[in-house]
>>> print(open('my_file00.pdb').read())   # PDB, C-alpha atoms
ATOM      1  CA  MET A  15      51.579  30.515  70.493
ATOM      2  CA  ALA A  16      49.477  30.021  67.369
ATOM      3  CA  ALA A  17      52.435  30.427  64.983
ATOM      4  CA  GLY A  18      54.384  27.693  66.783
ATOM      5  CA  LYS A  19      51.447  25.304  66.510
ATOM      6  CA  GLU A  20      51.155  25.925  62.764
ATOM      7  CA  ILE A  21      54.861  25.240  62.309
ATOM      8  CA  ARG A  22      54.609  21.996  64.298
ATOM      9  CA  ASN A  23      51.715  20.867  62.133
ATOM     10  CA  LYS A  24      53.735  21.718  59.035
ATOM     11  CA  ILE A  25      56.701  19.716  60.324
ATOM     12  CA  LYS A  26      54.485  16.671  60.959
ATOM     13  CA  SER A  27      53.031  16.981  57.449
ATOM     14  CA  VAL A  28      56.470  17.087  55.832
ATOM     15  CA  GLN A  29      57.633  14.167  57.989
ATOM     16  CA  ASN A  30      54.696  12.073  56.749
ATOM     17  CA  THR A  31      55.552  13.016  53.164
ATOM     18  CA  LYS A  32      59.155  12.014  53.765
ATOM     19  CA  LYS A  33      58.056   8.578  54.988
ATOM     20  CA  ILE A  34      55.993   8.084  51.823
ATOM     21  CA  THR A  35      58.765   9.158  49.445
ATOM     22  CA  LYS A  36      61.277   6.976  51.292
ATOM     23  CA  ALA A  37      59.002   3.956  50.954
ATOM     24  CA  MET A  38      58.474   4.713  47.243
ATOM     25  CA  GLU A  39      62.240   4.998  46.785
ATOM     26  CA  MET A  40      62.778   1.547  48.298
ATOM     27  CA  VAL A  41      60.005  -0.011  46.203
ATOM     28  CA  ALA A  42      61.410   1.581  43.026
ATOM     29  CA  ALA A  43      64.907   0.303  43.876
ATOM     30  CA  SER A  44      63.572  -3.239  44.208
ATOM     31  CA  LYS A  45      61.619  -3.028  40.940
ATOM     32  CA  MET A  46      64.579  -1.378  39.216
ATOM     33  CA  ARG A  47      66.839  -4.371  39.822
ATOM     34  CA  ARG A  48      64.297  -6.783  38.381
ATOM     35  CA  ALA A  49      63.603  -4.506  35.395
ATOM     36  CA  GLN A  50      67.309  -4.182  34.620
ATOM     37  CA  GLU A  51      67.813  -7.943  34.834
ATOM     38  CA  ARG A  52      64.872  -8.482  32.477
ATOM     39  CA  MET A  53      66.186  -5.891  30.035
ATOM     40  CA  ARG A  54      69.704  -7.325  30.002
ATOM     41  CA  ALA A  55      68.364 -10.862  29.598
ATOM     42  CA  ALA A  56      66.508  -9.785  26.432
ATOM     43  CA  ARG A  57      69.520  -8.121  24.814
ATOM     44  CA  PRO A  58      71.367 -11.283  23.654
ATOM     45  CA  TYR A  59      68.278 -12.527  21.789
ATOM     46  CA  SER A  60      67.746  -9.111  20.174
ATOM     47  CA  GLU A  61      71.385  -8.923  19.101
ATOM     48  CA  ARG A  62      71.398 -12.461  17.741
ATOM     49  CA  ILE A  63      68.258 -12.056  15.688
ATOM     50  CA  ARG A  64      69.514  -8.659  14.453
ATOM     51  CA  ARG A  65      72.657 -10.288  13.070
ATOM     52  CA  LEU A  66      70.631 -13.016  11.437
ATOM     53  CA  ALA A  67      68.266 -10.477   9.857
ATOM     54  CA  ALA A  68      71.246  -8.418   8.626
ATOM     55  CA  ASN A  69      72.800 -11.457   6.983
ATOM     56  CA  LEU A  70      69.510 -12.542   5.471
ATOM     57  CA  SER A  71      68.723  -9.079   4.108
ATOM     58  CA  GLN A  72      72.021  -9.023   2.199
ATOM     59  CA  ALA A  73      71.799 -12.578   0.885
ATOM     60  CA  ASN A  74      71.535 -12.813  -2.909
ATOM     61  CA  VAL A  75      70.059 -16.280  -3.108
ATOM     62  CA  THR A  76      66.518 -15.014  -3.695
ATOM     63  CA  ASP A  77      64.765 -12.254  -5.608
ATOM     64  CA  TYR A  78      62.120 -11.890  -2.916
ATOM     65  CA  ARG A  79      62.183  -8.528  -1.156
ATOM     66  CA  HIS A  80      60.189  -8.269   2.049
ATOM     67  CA  PRO A  81      57.998  -5.138   2.444
ATOM     68  CA  TYR A  82      59.805  -4.353   5.713
ATOM     69  CA  LEU A  83      63.012  -3.749   3.732
ATOM     70  CA  VAL A  84      61.563  -1.564   0.950
ATOM     71  CA  GLN A  85      62.286   2.142   1.342
ATOM     72  CA  ARG A  86      59.397   4.426   0.399
ATOM     73  CA  SER A  87      59.638   8.068  -0.584
ATOM     74  CA  PRO A  88      58.468  10.687  -0.290
ATOM     75  CA  LEU A  89      57.031  10.296   3.189
ATOM     76  CA  ARG A  90      53.369  11.227   3.348
ATOM     77  CA  ARG A  91      51.940   8.907   6.005
ATOM     78  CA  VAL A  92      53.818   8.012   9.183
ATOM     79  CA  GLY A  93      53.062   5.786  12.166
ATOM     80  CA  LEU A  94      54.522   6.373  15.637
ATOM     81  CA  ILE A  95      54.688   3.818  18.462
ATOM     82  CA  LEU A  96      54.939   5.971  21.594
ATOM     83  CA  ILE A  97      56.117   4.091  24.701
ATOM     84  CA  THR A  98      55.707   5.949  28.010
ATOM     85  CA  THR A  99      54.862   5.032  31.592
ATOM     86  CA  ASP A 100      51.453   4.516  33.154
ATOM     87  CA  LYS A 101      52.380   6.394  36.326
ATOM     88  CA  GLY A 102      54.173   9.628  37.107
ATOM     89  CA  LEU A 103      56.613  10.593  39.869
ATOM     90  CA  CYS A 104      59.598   9.619  37.725
ATOM     91  CA  GLY A 105      61.205  13.013  37.155
ATOM     92  CA  GLY A 106      61.415  14.315  33.598
ATOM     93  CA  LEU A 107      61.400  10.853  31.980
ATOM     94  CA  ASN A 108      58.088  11.217  30.140
ATOM     95  CA  THR A 109      58.445  14.964  29.592
ATOM     96  CA  ASN A 110      61.758  14.590  27.748
ATOM     97  CA  LEU A 111      60.432  11.792  25.524
ATOM     98  CA  LEU A 112      57.167  13.572  24.708
ATOM     99  CA  ARG A 113      59.054  16.749  23.867
ATOM    100  CA  MET A 114      61.294  14.823  21.448
ATOM    101  CA  ALA A 115      58.303  13.019  19.921
ATOM    102  CA  LEU A 116      56.460  16.312  19.427
ATOM    103  CA  THR A 117      59.540  17.832  17.778
ATOM    104  CA  SER A 118      59.775  14.838  15.417
ATOM    105  CA  MET A 119      56.091  15.123  14.509
ATOM    106  CA  ARG A 120      56.500  18.801  13.668
ATOM    107  CA  GLU A 121      59.546  18.015  11.538
ATOM    108  CA  TRP A 122      57.581  15.373   9.631
ATOM    109  CA  GLU A 123      54.824  17.892   8.978
ATOM    110  CA  THR A 124      57.319  20.396   7.568
ATOM    111  CA  GLN A 125      58.624  17.628   5.277
ATOM    112  CA  GLY A 126      55.161  17.092   3.808
ATOM    113  CA  VAL A 127      53.706  14.368   6.042
ATOM    114  CA  THR A 128      49.929  14.737   6.080
ATOM    115  CA  ASP A 129      48.891  11.726   8.169
ATOM    116  CA  ILE A 130      50.458  10.760  11.508
ATOM    117  CA  ARG A 131      48.963   7.766  13.297
ATOM    118  CA  VAL A 132      49.979   7.035  16.873
ATOM    119  CA  CYS A 133      49.957   3.809  18.878
ATOM    120  CA  CYS A 134      50.218   4.728  22.569
ATOM    121  CA  VAL A 135      51.768   2.262  25.005
ATOM    122  CA  GLY A 136      51.388   3.822  28.441
ATOM    123  CA  ALA A 137      48.807   6.166  29.949
ATOM    124  CA  LYS A 138      51.056   9.257  30.035
ATOM    125  CA  GLY A 139      51.673   9.221  26.298
ATOM    126  CA  LEU A 140      48.010   8.484  25.575
ATOM    127  CA  GLY A 141      46.846  11.471  27.613
ATOM    128  CA  PHE A 142      49.405  13.737  25.943
ATOM    129  CA  VAL A 143      48.456  12.754  22.390
ATOM    130  CA  GLN A 144      44.742  13.097  23.139
ATOM    131  CA  ARG A 145      45.261  16.578  24.595
ATOM    132  CA  MET A 146      47.241  17.551  21.496
ATOM    133  CA  GLY A 147      44.438  16.311  19.252
ATOM    134  CA  GLY A 148      46.585  13.578  17.681
ATOM    135  CA  LYS A 149      45.238  10.564  15.810
ATOM    136  CA  VAL A 150      45.384   7.591  18.199
ATOM    137  CA  VAL A 151      44.675   4.370  16.296
ATOM    138  CA  SER A 152      45.472   1.917  19.121
ATOM    139  CA  GLN A 153      46.457   1.996  22.762
ATOM    140  CA  LEU A 154      47.658  -0.128  25.653
ATOM    141  CA  THR A 155      47.676   0.987  29.281
ATOM    142  CA  GLN A 156      48.151  -0.695  32.654
ATOM    143  CA  ILE A 157      51.036  -2.809  31.393
ATOM    144  CA  GLY A 158      52.246  -3.672  34.876
ATOM    145  CA  ASP A 159      55.828  -4.273  35.935
ATOM    146  CA  THR A 160      56.491  -7.122  33.469
ATOM    147  CA  PRO A 161      56.133  -6.712  29.685
ATOM    148  CA  HIS A 162      54.264  -9.469  27.850
ATOM    149  CA  LEU A 163      54.655  -9.672  24.090
ATOM    150  CA  GLU A 164      51.186 -11.155  23.608
ATOM    151  CA  LYS A 165      49.708  -7.981  25.130
ATOM    152  CA  LEU A 166      52.024  -5.612  23.255
ATOM    153  CA  ILE A 167      51.743  -7.038  19.786
ATOM    154  CA  GLY A 168      47.992  -6.452  19.401
ATOM    155  CA  PRO A 169      47.986  -2.625  19.517
ATOM    156  CA  VAL A 170      51.362  -2.368  17.747
ATOM    157  CA  LYS A 171      50.227  -4.719  14.953
ATOM    158  CA  VAL A 172      47.717  -2.075  13.858
ATOM    159  CA  LEU A 173      50.571   0.112  12.576
ATOM    160  CA  ILE A 174      52.679  -2.805  11.344
ATOM    161  CA  ASP A 175      49.790  -4.181   9.283
ATOM    162  CA  ALA A 176      49.041  -0.691   7.942
ATOM    163  CA  PHE A 177      52.660  -0.385   6.787
ATOM    164  CA  GLN A 178      52.631  -3.795   5.154
ATOM    165  CA  ALA A 179      49.371  -2.918   3.385
ATOM    166  CA  GLY A 180      50.916   0.263   1.975
ATOM    167  CA  GLU A 181      48.836   2.627   4.119
ATOM    168  CA  LEU A 182      51.950   3.995   5.867
ATOM    169  CA  ASP A 183      55.309   4.960   4.412
ATOM    170  CA  ALA A 184      57.275   4.553   7.660
ATOM    171  CA  VAL A 185      56.815   3.538  11.295
ATOM    172  CA  TYR A 186      58.860   5.076  14.097
ATOM    173  CA  LEU A 187      59.473   3.907  17.648
ATOM    174  CA  ALA A 188      59.709   6.421  20.530
ATOM    175  CA  TYR A 189      60.935   5.198  23.913
ATOM    176  CA  THR A 190      63.483   5.961  26.638
ATOM    177  CA  ARG A 191      66.727   4.013  26.325
ATOM    178  CA  PHE A 192      68.365   2.840  29.547
ATOM    179  CA  VAL A 193      72.013   3.895  29.840
ATOM    180  CA  ASN A 194      72.617   3.527  33.566
ATOM    181  CA  THR A 195      70.825   4.179  36.827
ATOM    182  CA  MET A 196      71.486   7.914  36.655
ATOM    183  CA  LYS A 197      71.047   8.404  32.920
ATOM    184  CA  GLN A 198      68.198   7.601  30.543
ATOM    185  CA  GLU A 199      68.027   8.885  26.975
ATOM    186  CA  PRO A 200      64.828   9.577  25.004
ATOM    187  CA  SER A 201      64.965   8.144  21.507
ATOM    188  CA  VAL A 202      62.878   8.283  18.325
ATOM    189  CA  GLU A 203      64.065   5.602  15.882
ATOM    190  CA  GLN A 204      62.822   4.301  12.561
ATOM    191  CA  LEU A 205      61.286   0.885  13.007
ATOM    192  CA  LEU A 206      59.957   0.261   9.486
ATOM    193  CA  PRO A 207      61.246   0.014   6.880
ATOM    194  CA  LEU A 208      64.259  -1.643   8.475
ATOM    195  CA  SER A 209      67.226   0.565   7.689
ATOM    196  CA  GLY A 210      70.874  -0.314   7.320
ATOM    197  CA  ASP A 211      71.622   1.500  10.579
ATOM    198  CA  ARG A 212      69.110  -0.666  12.401
ATOM    199  CA  LEU A 213      70.256  -3.965  10.870
ATOM    200  CA  GLY A 214      73.962  -3.224  10.887
ATOM    201  CA  THR A 215      76.635  -4.641   8.605
ATOM    202  CA  PRO A 216      76.569  -8.426   8.172
ATOM    203  CA  GLU A 217      79.665 -10.311   9.251
ATOM    204  CA  GLY A 218      80.768 -11.701   5.926
ATOM    205  CA  MET A 219      78.658 -13.404   3.275
ATOM    206  CA  TRP A 220      76.368 -16.264   4.185
ATOM    207  CA  ASP A 221      74.763 -18.968   2.068
ATOM    208  CA  TYR A 222      71.343 -20.232   3.096
ATOM    209  CA  VAL A 223      69.163 -23.162   2.213
ATOM    210  CA  TYR A 224      65.533 -22.163   2.653
ATOM    211  CA  GLU A 225      62.932 -24.672   3.746
ATOM    212  CA  PRO A 226      60.118 -24.705   2.728
ATOM    213  CA  ASP A 227      60.806 -21.563   0.630
ATOM    214  CA  PRO A 228      62.557 -18.162   1.008
ATOM    215  CA  GLN A 229      59.382 -16.091   1.381
ATOM    216  CA  VAL A 230      58.034 -18.075   4.338
ATOM    217  CA  VAL A 231      61.371 -18.045   6.157
ATOM    218  CA  ILE A 232      62.076 -14.343   5.582
ATOM    219  CA  ASP A 233      58.528 -13.306   6.507
ATOM    220  CA  GLU A 234      58.664 -15.198   9.796
ATOM    221  CA  LEU A 235      62.167 -14.061  10.689
ATOM    222  CA  LEU A 236      61.574 -10.355  10.088
ATOM    223  CA  LEU A 237      58.281 -10.479  11.977
ATOM    224  CA  ARG A 238      60.067 -11.990  14.975
ATOM    225  CA  TYR A 239      62.794  -9.380  14.631
ATOM    226  CA  VAL A 240      60.317  -6.491  14.735
ATOM    227  CA  GLU A 241      58.597  -8.076  17.743
ATOM    228  CA  ALA A 242      61.988  -8.353  19.473
ATOM    229  CA  LEU A 243      62.689  -4.663  18.819
ATOM    230  CA  ILE A 244      59.353  -3.643  20.339
ATOM    231  CA  TYR A 245      59.760  -5.899  23.374
ATOM    232  CA  GLN A 246      63.295  -4.620  23.943
ATOM    233  CA  ALA A 247      62.091  -0.997  23.726
ATOM    234  CA  VAL A 248      59.396  -1.628  26.348
ATOM    235  CA  ALA A 249      61.892  -3.419  28.605
ATOM    236  CA  GLU A 250      64.347  -0.512  28.250
ATOM    237  CA  ASN A 251      61.573   1.970  29.044
ATOM    238  CA  MET A 252      60.536   0.043  32.177
ATOM    239  CA  ALA A 253      64.110  -0.100  33.463
ATOM    240  CA  SER A 254      64.429   3.631  32.793
ATOM    241  CA  GLU A 255      61.142   4.305  34.603
ATOM    242  CA  GLN A 256      62.121   2.540  37.815
ATOM    243  CA  SER A 257      65.605   4.098  37.810
ATOM    244  CA  ALA A 258      64.195   7.587  37.271
ATOM    245  CA  ARG A 259      61.551   7.056  39.954
ATOM    246  CA  MET A 260      64.122   5.860  42.482
ATOM    247  CA  VAL A 261      66.305   8.903  41.832
ATOM    248  CA  ALA A 262      63.311  11.268  41.950
ATOM    249  CA  MET A 263      62.016   9.809  45.221
ATOM    250  CA  LYS A 264      65.488   9.975  46.785
ATOM    251  CA  ALA A 265      65.703  13.635  45.814
ATOM    252  CA  ALA A 266      62.227  14.231  47.260
ATOM    253  CA  THR A 267      63.212  12.498  50.507
ATOM    254  CA  ASP A 268      66.374  14.573  50.803
ATOM    255  CA  ASN A 269      64.460  17.774  50.092
ATOM    256  CA  ALA A 270      61.874  16.863  52.714
ATOM    257  CA  GLY A 271      64.677  16.418  55.236
ATOM    258  CA  ASN A 272      66.042  19.865  54.392
ATOM    259  CA  VAL A 273      62.590  21.431  54.721
ATOM    260  CA  ILE A 274      62.123  19.800  58.139
ATOM    261  CA  LYS A 275      65.447  21.220  59.343
ATOM    262  CA  GLU A 276      64.499  24.698  58.140
ATOM    263  CA  LEU A 277      61.064  24.495  59.784
ATOM    264  CA  GLN A 278      62.597  23.295  63.050
ATOM    265  CA  LEU A 279      64.974  26.247  62.977
ATOM    266  CA  VAL A 280      62.075  28.636  62.344
ATOM    267  CA  TYR A 281      60.080  26.980  65.142
ATOM    268  CA  ASN A 282      62.984  27.288  67.592
ATOM    269  CA  LYS A 283      63.437  30.958  66.721
ATOM    270  CA  ALA A 284      59.725  31.632  67.134
ATOM    271  CA  ARG A 285      59.663  29.774  70.442
ATOM    272  CA  GLN A 286      62.732  31.653  71.688
ATOM    273  CA  ALA A 287      61.179  34.956  70.649
ATOM    274  CA  ALA A 288      57.969  34.092  72.520
ATOM    275  CA  ILE A 289      59.922  33.150  75.660
ATOM    276  CA  THR A 290      61.972  36.334  75.464
ATOM    277  CA  LYS A 291      58.805  38.389  75.096
ATOM    278  CA  GLU A 292      57.210  36.708  78.121
ATOM    279  CA  ILE A 293      60.336  37.300  80.219
ATOM    280  CA  SER A 294      60.368  40.952  79.150
ATOM    281  CA  GLU A 295      56.741  41.347  80.134
ATOM    282  CA  ILE A 296      57.367  39.733  83.535
ATOM    283  CA  VAL A 297      60.406  41.922  84.157
ATOM    284  CA  GLY A 298      58.481  44.998  83.046
ATOM    285  CA  GLY A 299      55.541  44.122  85.296
ATOM    286  CA  ALA A 300      57.786  43.480  88.288
ATOM    287  CA  ALA A 301      59.567  46.804  87.731
ATOM    288  CA  ALA A 302      56.235  48.619  87.561
ATOM    289  CA  ILE A 303      55.069  47.064  90.839
ATOM    290  CA  ALA A 304      58.373  47.830  92.544
ATOM    291  CA  GLY A 305      58.250  51.376  91.304
TER
END
>>> encode(input="my_file00.pdb", output="structure tokens")
Amino acid sequence: MAAGKEIRNKIKSVQNTKKITKAMEMVAASKMRRAQERMRAARPYSERIRRLAANLSQANVTDYRHPYLVQRSPLRRVGLILITTDKGLCGGLNTNLLRMALTSMREWETQGVTDIRVCCVGAKGLGFVQRMGGKVVSQLTQIGDTPHLEKLIGPVKVLIDAFQAGELDAVYLAYTRFVNTMKQEPSVEQLLPLSGDRLGTPEGMWDYVYEPDPQVVIDELLLRYVEALIYQAVAENMASEQSARMVAMKAATDNAGNVIKELQLVYNKARQAAITKEISEIVGGAAAIAG
């Protein structure tokens, strides 16, 4: 019964795969809770510093205008901070983001952009951009399960410094925004210059007393604000990654269970057919002897 043996081996193989995907689902669920807590803990700081930056950007007590707030046109040179995962097995999370990023890059090219520089955070995005022949100016991989700003700011600062030096006209941020456990949205947003949509409308007019002087205070505040945006984007992407991986591994586990049931049914049918054939041969042999 060679066919039956092959089916049994196949069933054992799928059962082993099911054990692996189930374990990965449980690990992802545990990491997902921690990633969501970390992401939600960072949101109040990001919102608070956003409001402060919005108020400060609209204050009329100084003539100083920070380079982060100066709109430049037409766009000719663009930087893109691409935040993806280091590992796969998380459904279409990276695919959806990379597709949106590629669409944005093509749109920029049709608008006259001649230089697109990419900072890749995550191995999946780095591999994609390299295969596409893109211009990678900095990279960061093997981030781990916890984002650290001191590790993130180095590669990202390459594009931020280039913008401040006038080498780039705009810097965009591509990441996956966490909505809920079942839904994650890819997003490509303008990081620099800081737009009105990003800052929001200030709540009334504020008067400030700058110490030691307006330029020092504004420079430091907007730098911290940009750092907060980047950290929040990485935290959102990590929460999205673990949620997507948990859902993908649960689907894989369920599919493995369905495959096992189908293989067991096929095995039972094959075994029954073999038994029926043997009985028929015995009956036929007995009838021949009796005859």
>>> resolve_selection(input="my_file00.pdb", expression="the PyMOL selection byres ((chain A and resi 141) around 12)", output="list of chain:residue names")
A:Leu96, A:Thr98, A:Thr99, A:Asp100, A:Lys101, A:Asn108, A:Leu112, A:Cys134, A:Val135, A:Gly136, A:Ala137, A:Lys138, A:Gly139, A:Leu140, A:Phe142, A:Val143, A:Gln144, A:Arg145, A:Met146, A:Gly147, A:Gly148, A:Lys149, A:Val150, A:Gln153, A:Leu154, A:Thr155
>>> closest_residue(input="my_file00.pdb", among="A:Thr267, A:Asn110, A:Ser87, A:Asn69", to="Ile232 (chain A)", atoms="all atoms listed in the file")
A:Asn69
>>> residues_around(input="my_file00.pdb", residues="region 26-36 of chain A", least_positions_apart="6", cutoff="8 Å", atoms="all atoms listed in the file", output="ChimeraX atom specification")
/A:263-264,266-267,270-271,273-274
>>> write_last_selection(input="my_file00.pdb", atoms="C-alpha atoms", output="PDB file, keeping the file's coordinate frame")
ATOM      1  CA  MET A 263      62.016   9.809  45.221  1.00  0.00           C
ATOM      2  CA  LYS A 264      65.488   9.975  46.785  1.00  0.00           C
ATOM      3  CA  ALA A 266      62.227  14.231  47.260  1.00  0.00           C
ATOM      4  CA  THR A 267      63.212  12.498  50.507  1.00  0.00           C
ATOM      5  CA  ALA A 270      61.874  16.863  52.714  1.00  0.00           C
ATOM      6  CA  GLY A 271      64.677  16.418  55.236  1.00  0.00           C
ATOM      7  CA  VAL A 273      62.590  21.431  54.721  1.00  0.00           C
ATOM      8  CA  ILE A 274      62.123  19.800  58.139  1.00  0.00           C
TER       9      ILE A 274
END
>>> resolve_selection(input="my_file00.pdb", expression="the PyMOL selection byres ((chain A and resi 163-167) around 12)", output="PyMOL selection string")
chain A and resi 95+97+133-136+152-158+160-162+168-175+237-238+240-249
>>> resolve_selection(input="my_file00.pdb", expression="the PyMOL selection byres ((chain A and resi 176) around 12)", output="list in words")
Pro81, Tyr82, Arg91, Val92, Gly93, Leu94, Arg131, Val132, Cys133, Val151, Pro169, Val170, Lys171, Val172, Leu173, Ile174, Asp175, Phe177, Gln178, Ala179, Gly180, Glu181, Leu182, Asp183, Ala184, Val185 and Leu206 of chain A
>>> atom_distance(input="my_file00.pdb", atom1="CA of Ser257 (chain A)", atom2="CA of Met196 (chain A)")
7.1 Å
>>> closest_residue(input="my_file00.pdb", among="A:Leu208, A:Val261, A:Met40, A:Ala301", to="Arg64 (chain A)", atoms="all atoms listed in the file")
A:Leu208
>>> closest_atom_pairs(input="my_file00.pdb", of="region 20-45 of chain A", to="region 280-294 of chain A", cutoff="10 Å", atoms="all atoms listed in the file", output="JSON lines")
{"residue": "A:Glu20", "atom": "CA", "partner": "A:Tyr281", "partner_atom": "CA", "distance": 9.3}
{"residue": "A:Ile21", "atom": "CA", "partner": "A:Tyr281", "partner_atom": "CA", "distance": 6.2}
{"residue": "A:Arg22", "atom": "CA", "partner": "A:Tyr281", "partner_atom": "CA", "distance": 7.4}
{"residue": "A:Ile25", "atom": "CA", "partner": "A:Tyr281", "partner_atom": "CA", "distance": 9.3}
>>> write_last_selection(input="my_file00.pdb", atoms="C-alpha atoms", output="PDB file, keeping the file's coordinate frame")
ATOM      1  CA  GLU A  20      51.155  25.925  62.764  1.00  0.00           C
ATOM      2  CA  ILE A  21      54.861  25.240  62.309  1.00  0.00           C
ATOM      3  CA  ARG A  22      54.609  21.996  64.298  1.00  0.00           C
ATOM      4  CA  ILE A  25      56.701  19.716  60.324  1.00  0.00           C
TER       5      ILE A  25
END
>>> atom_distance(input="my_file00.pdb", atom1="CA of Arg62 (chain A)", atom2="CA of Leu111 (chain A)")
27.7 Å
>>> closest_residue(input="my_file00.pdb", among="A:Ile63, A:Leu70, A:Met119, A:Ala49", to="Tyr224 (chain A)", atoms="all atoms listed in the file")
A:Leu70
>>> closest_residue(input="my_file00.pdb", among="A:Gln278, A:Ala302, A:Arg86, A:Ala68", to="Lys19 (chain A)", atoms="only C-alpha atoms")
A:Gln278
>>> closest_residue(input="my_file00.pdb", among="A:Gly102, A:Val297, A:His80, A:Tyr239", to="Tyr59 (chain A)", atoms="all atoms listed in the file")
A:Tyr239
>>> closest_residue(input="my_file00.pdb", among="A:Leu89, A:Ala42, A:Gln204, A:Asp159", to="Val127 (chain A)", atoms="all atoms listed in the file")
A:Leu89
>>> build_atoms(input="my_file00.pdb", residues="region 56-70 of chain A", atoms="N, CA, C and O atoms", output="PDB file, keeping the file's coordinate frame")
ATOM      1  N   ALA A  56      67.099  -9.826  27.774  1.00  0.00           N
ATOM      2  CA  ALA A  56      66.508  -9.785  26.432  1.00  0.00           C
ATOM      3  C   ALA A  56      67.508  -9.317  25.379  1.00  0.00           C
ATOM      4  O   ALA A  56      67.300  -9.563  24.182  1.00  0.00           O
ATOM      5  N   ARG A  57      68.576  -8.680  25.783  1.00  0.00           N
ATOM      6  CA  ARG A  57      69.520  -8.121  24.814  1.00  0.00           C
ATOM      7  C   ARG A  57      70.223  -9.174  23.961  1.00  0.00           C
ATOM      8  O   ARG A  57      70.375  -8.976  22.747  1.00  0.00           O
ATOM      9  N   PRO A  58      70.692 -10.294  24.513  1.00  0.00           N
ATOM     10  CA  PRO A  58      71.367 -11.283  23.654  1.00  0.00           C
ATOM     11  C   PRO A  58      70.466 -11.800  22.533  1.00  0.00           C
ATOM     12  O   PRO A  58      70.931 -11.967  21.397  1.00  0.00           O
ATOM     13  N   TYR A  59      69.188 -12.052  22.828  1.00  0.00           N
ATOM     14  CA  TYR A  59      68.278 -12.527  21.789  1.00  0.00           C
ATOM     15  C   TYR A  59      68.104 -11.460  20.708  1.00  0.00           C
ATOM     16  O   TYR A  59      68.137 -11.769  19.505  1.00  0.00           O
ATOM     17  N   SER A  60      67.924 -10.202  21.135  1.00  0.00           N
ATOM     18  CA  SER A  60      67.746  -9.111  20.174  1.00  0.00           C
ATOM     19  C   SER A  60      68.972  -8.956  19.286  1.00  0.00           C
ATOM     20  O   SER A  60      68.857  -8.756  18.071  1.00  0.00           O
ATOM     21  N   GLU A  61      70.153  -9.068  19.878  1.00  0.00           N
ATOM     22  CA  GLU A  61      71.385  -8.923  19.101  1.00  0.00           C
ATOM     23  C   GLU A  61      71.566 -10.088  18.133  1.00  0.00           C
ATOM     24  O   GLU A  61      71.968  -9.897  16.980  1.00  0.00           O
ATOM     25  N   ARG A  62      71.228 -11.278  18.592  1.00  0.00           N
ATOM     26  CA  ARG A  62      71.398 -12.461  17.741  1.00  0.00           C
ATOM     27  C   ARG A  62      70.463 -12.415  16.538  1.00  0.00           C
ATOM     28  O   ARG A  62      70.879 -12.676  15.399  1.00  0.00           O
ATOM     29  N   ILE A  63      69.211 -12.075  16.793  1.00  0.00           N
ATOM     30  CA  ILE A  63      68.258 -12.056  15.688  1.00  0.00           C
ATOM     31  C   ILE A  63      68.532 -10.866  14.771  1.00  0.00           C
ATOM     32  O   ILE A  63      68.245 -10.912  13.573  1.00  0.00           O
ATOM     33  N   ARG A  64      69.133  -9.784  15.310  1.00  0.00           N
ATOM     34  CA  ARG A  64      69.514  -8.659  14.453  1.00  0.00           C
ATOM     35  C   ARG A  64      70.594  -9.087  13.467  1.00  0.00           C
ATOM     36  O   ARG A  64      70.543  -8.755  12.278  1.00  0.00           O
ATOM     37  N   ARG A  65      71.587  -9.822  13.961  1.00  0.00           N
ATOM     38  CA  ARG A  65      72.657 -10.288  13.070  1.00  0.00           C
ATOM     39  C   ARG A  65      72.108 -11.224  11.993  1.00  0.00           C
ATOM     40  O   ARG A  65      72.499 -11.136  10.816  1.00  0.00           O
ATOM     41  N   LEU A  66      71.204 -12.091  12.403  1.00  0.00           N
ATOM     42  CA  LEU A  66      70.631 -13.016  11.437  1.00  0.00           C
ATOM     43  C   LEU A  66      69.818 -12.269  10.376  1.00  0.00           C
ATOM     44  O   LEU A  66      69.912 -12.568   9.178  1.00  0.00           O
ATOM     45  N   ALA A  67      69.050 -11.262  10.811  1.00  0.00           N
ATOM     46  CA  ALA A  67      68.266 -10.477   9.857  1.00  0.00           C
ATOM     47  C   ALA A  67      69.176  -9.682   8.928  1.00  0.00           C
ATOM     48  O   ALA A  67      68.893  -9.521   7.734  1.00  0.00           O
ATOM     49  N   ALA A  68      70.298  -9.157   9.460  1.00  0.00           N
ATOM     50  CA  ALA A  68      71.246  -8.418   8.626  1.00  0.00           C
ATOM     51  C   ALA A  68      71.852  -9.322   7.552  1.00  0.00           C
ATOM     52  O   ALA A  68      71.958  -8.939   6.381  1.00  0.00           O
ATOM     53  N   ASN A  69      72.240 -10.515   7.953  1.00  0.00           N
ATOM     54  CA  ASN A  69      72.800 -11.457   6.983  1.00  0.00           C
ATOM     55  C   ASN A  69      71.772 -11.847   5.923  1.00  0.00           C
ATOM     56  O   ASN A  69      72.071 -11.911   4.728  1.00  0.00           O
ATOM     57  N   LEU A  70      70.552 -12.095   6.376  1.00  0.00           N
ATOM     58  CA  LEU A  70      69.510 -12.542   5.471  1.00  0.00           C
ATOM     59  C   LEU A  70      69.111 -11.446   4.487  1.00  0.00           C
ATOM     60  O   LEU A  70      68.815 -11.702   3.321  1.00  0.00           O
TER      61      LEU A  70
END
